[in-house]
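Data from entry_13.txt: compact mmCIF, C-alpha atoms
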# COMPACT_ATOMS: atom_id res chain seq x y z
CA MET A 17 11.45 22.29 -2.31
CA SER A 18 8.59 23.76 -4.27
CA PHE A 19 7.05 23.60 -7.72
CA MET A 20 9.56 24.32 -10.49
CA SER A 21 7.94 25.53 -13.72
CA LYS A 22 11.00 24.51 -15.77
CA ASP A 23 10.21 20.87 -14.95
CA PHE A 24 6.55 21.13 -16.04
CA SER A 25 5.66 20.70 -19.71
CA VAL A 26 2.87 19.79 -22.11
CA ILE A 27 2.93 16.29 -23.57
CA ALA A 28 -0.34 16.53 -25.50
CA TYR A 29 -3.31 18.84 -25.92
CA ALA A 30 -6.67 18.10 -27.54
CA ASN A 31 -10.27 19.27 -27.15
CA GLY A 32 -9.59 21.39 -24.07
CA PHE A 33 -7.65 18.62 -22.29
CA THR A 34 -3.93 18.79 -21.53
CA LEU A 35 -1.63 15.95 -20.55
CA TRP A 36 1.28 17.39 -18.58
CA ASN A 37 4.63 15.97 -17.50
CA TYR A 38 6.29 16.93 -14.24
CA THR A 39 9.49 15.59 -12.72
CA THR A 40 10.91 16.68 -9.38
CA LYS A 41 13.26 15.84 -6.53
CA ASP A 42 10.34 16.43 -4.14
CA THR A 43 8.61 13.45 -2.58
CA LEU A 44 5.29 12.31 -3.97
CA ASP A 45 3.57 13.29 -0.71
CA THR A 46 4.92 16.84 -1.12
CA VAL A 47 3.78 17.03 -4.74
CA LYS A 48 0.28 15.83 -3.85
CA GLY A 49 0.05 18.30 -0.96
CA ALA A 50 -2.16 21.35 -0.79
CA ASN A 51 -1.07 24.37 -2.83
CA TYR A 52 1.84 22.63 -4.58
CA PHE A 53 0.53 23.23 -8.11
CA ASN A 54 -0.98 26.70 -7.56
CA ASP A 55 1.44 28.21 -10.10
CA ILE A 56 -0.30 26.31 -12.91
CA ALA A 57 -3.73 27.79 -12.16
CA PRO A 58 -3.66 30.12 -15.21
CA PHE A 59 -2.85 27.22 -17.58
CA ALA A 60 -4.55 24.10 -16.23
CA ARG A 61 -8.16 22.97 -16.49
CA ILE A 62 -10.20 20.65 -14.33
CA GLY A 63 -9.71 17.15 -15.73
CA ASP A 64 -6.16 17.72 -16.96
CA MET A 65 -3.73 14.95 -16.03
CA ILE A 66 -0.18 15.31 -14.79
CA LEU A 67 2.22 12.41 -15.32
CA THR A 68 4.51 12.84 -12.35
CA VAL A 69 7.88 11.37 -11.44
CA ALA A 70 8.75 12.39 -7.89
CA ASN A 71 11.92 11.59 -5.96
CA ASN A 72 13.79 11.58 -9.26
CA GLN A 73 17.17 11.56 -7.49
CA SER A 74 16.54 8.37 -5.48
CA THR A 75 13.81 5.73 -5.57
CA ILE A 76 11.35 7.21 -8.06
CA ALA A 77 7.68 7.56 -7.22
CA PRO A 78 5.58 7.74 -10.38
CA ALA A 79 1.95 8.88 -10.28
CA ILE A 80 -0.84 10.07 -12.51
CA LEU A 81 -2.48 13.11 -10.95
CA ALA A 82 -5.74 14.68 -12.07
CA VAL A 83 -6.59 18.35 -11.62
CA THR A 84 -9.81 18.18 -9.62
CA ALA A 85 -10.42 21.84 -8.77
CA ILE A 86 -9.15 25.32 -9.54
CA ALA A 87 -10.56 28.19 -7.51
CA ASP A 88 -9.07 31.61 -6.77
CA GLY A 89 -5.61 30.46 -7.87
CA VAL A 90 -5.69 27.30 -5.76
CA VAL A 91 -5.17 24.05 -7.67
CA SER A 92 -6.25 20.72 -6.19
CA VAL A 93 -5.05 17.39 -7.55
CA SER A 94 -6.05 13.81 -6.91
CA ASP A 95 -3.72 10.85 -7.22
CA PHE A 96 -5.84 8.22 -8.92
CA THR A 97 -3.03 5.93 -10.07
CA SER A 98 0.34 5.67 -8.36
CA SER A 99 2.73 3.24 -6.81
CA ALA A 100 1.62 4.61 -3.43
CA GLY A 101 -2.10 4.44 -4.27
CA SER A 102 -3.21 7.28 -2.00
CA ALA A 103 -5.14 10.47 -2.72
CA ALA A 104 -4.66 14.12 -1.79
CA ALA A 105 -6.57 17.36 -2.13
Just give me the structure as structure tokens.
Amino acid sequence: MSFMSKDFSVIAYANGFTLWNYTTKDTLDTVKGANYFNDIAPFARIGDMILTVANNQSTIAPAILAVTAIADGVVSVSDFTSSAGSAAA
């Protein structure tokens, strides 16, 4: 699958920081992959966090992702806390 904007929402916003929520049927590896979050480029800022629940139709894979770069519409995230404990660009 791919990013679904209807499953992406703001939890909190303060001082230029946004805490987002995203839930998806996609695997956590897919969500952390390159270009997955490009659709949020106009809204996100470097340092924003995305509370993510992947695999929401089977064994869930929660993670906290951080937006680490946004350039020319390309959004990069890093998984700094998850059940899998790995990172992605």
TODO: Within 7 Å of segment 76-81 of chain A, counting all atoms listed in the file, which residues show up once you throw out same-chain ones fewer than 3 positions away? Write them as a list in words, please.
DONE: Leu44, Met65, Ile66, Leu67, Thr68, Val69, Ala70, Asn71, Asn72, Val93, Ser94, Asp95, Phe96, Thr97, Ser98 and Ser99 of chain A
- [ ] Between A:Ser25, A:Ala57, A:Gln73, A:Asp42, single out the one closest to Ala85 of chain A, counting only C-alpha atoms.
- [x]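 Between A:Ser25, A:Ala57, A:Gln73, A:Asp42, the residue approaching Ala85 of chain A most closely is A:Ala57.
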- [ ] Using all atoms listed in the file, pick whichever of A:Phe19, A:Tyr29, A:Tyr38, A:Phe24 has the shortest atom-to-atom distance to Phe53 of chain A.
- [x] A:Phe19
- [ ] Find the residue from A:Tyr52, A:Val47, A:Gly63, A:Pro58 that sits nearest to Asn31 of chain A; use all atoms listed in the file when measuring.
- [x]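 Under the stated criterion, the closest residue is A:Gly63.
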Open item on the list: Residues within 7 Å of (-4.5, 24.8, -3.2), file coordinates, counting all atoms listed in the file: what are they? Give the list as a list in words.
Closed with: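 Checking each residue against the 7 Å limit leaves Ala50, Asn51, Tyr52, Asn54, Val90, Val91 and Ser92 of chain A.
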Task: Straight-line distance linking atom CA of Thr39 of chain A with atom CA of Ala87 of chain A, stated in Å to one decimal - done: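 Interatomic distance here is 24.2 Å.
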Which polymer residues, protein or nucleic acid, are no farther than 7 Å from (-9.7, 19.1, -13.0), counting only C-alpha atoms, as a CSV table (one decimal) with C-alpha atoms, in the frame of the given file?
chain,number,residue,atom,x,y,z
A,61,ARG,CA,-8.2,23.0,-16.5
A,62,ILE,CA,-10.2,20.6,-14.3
A,63,GLY,CA,-9.7,17.2,-15.7
A,64,ASP,CA,-6.2,17.7,-17.0
A,82,ALA,CA,-5.7,14.7,-12.1
A,83,VAL,CA,-6.6,18.4,-11.6
A,84,THR,CA,-9.8,18.2,-9.6
A,85,ALA,CA,-10.4,21.8,-8.8
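Interatomic distance, atom CA of Ser74 of chain A to atom CA of Trp36 of chain A: 22.0 Å.
One finds atom CA of Asp55 of chain A at 26.1 Å from atom CA of Thr75 of chain A.
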Would you give the centre and edge lengths, in Å to one decimal, of a box along x, y and z around the listed atoms of segment 52-62 of chain A, with 6 Å added to each side, as AutoDock Vina command-line options?
--center_x -4.2 --center_y 25.4 --center_z -11.1 --size_x 24.0 --size_y 21.5 --size_z 25.0
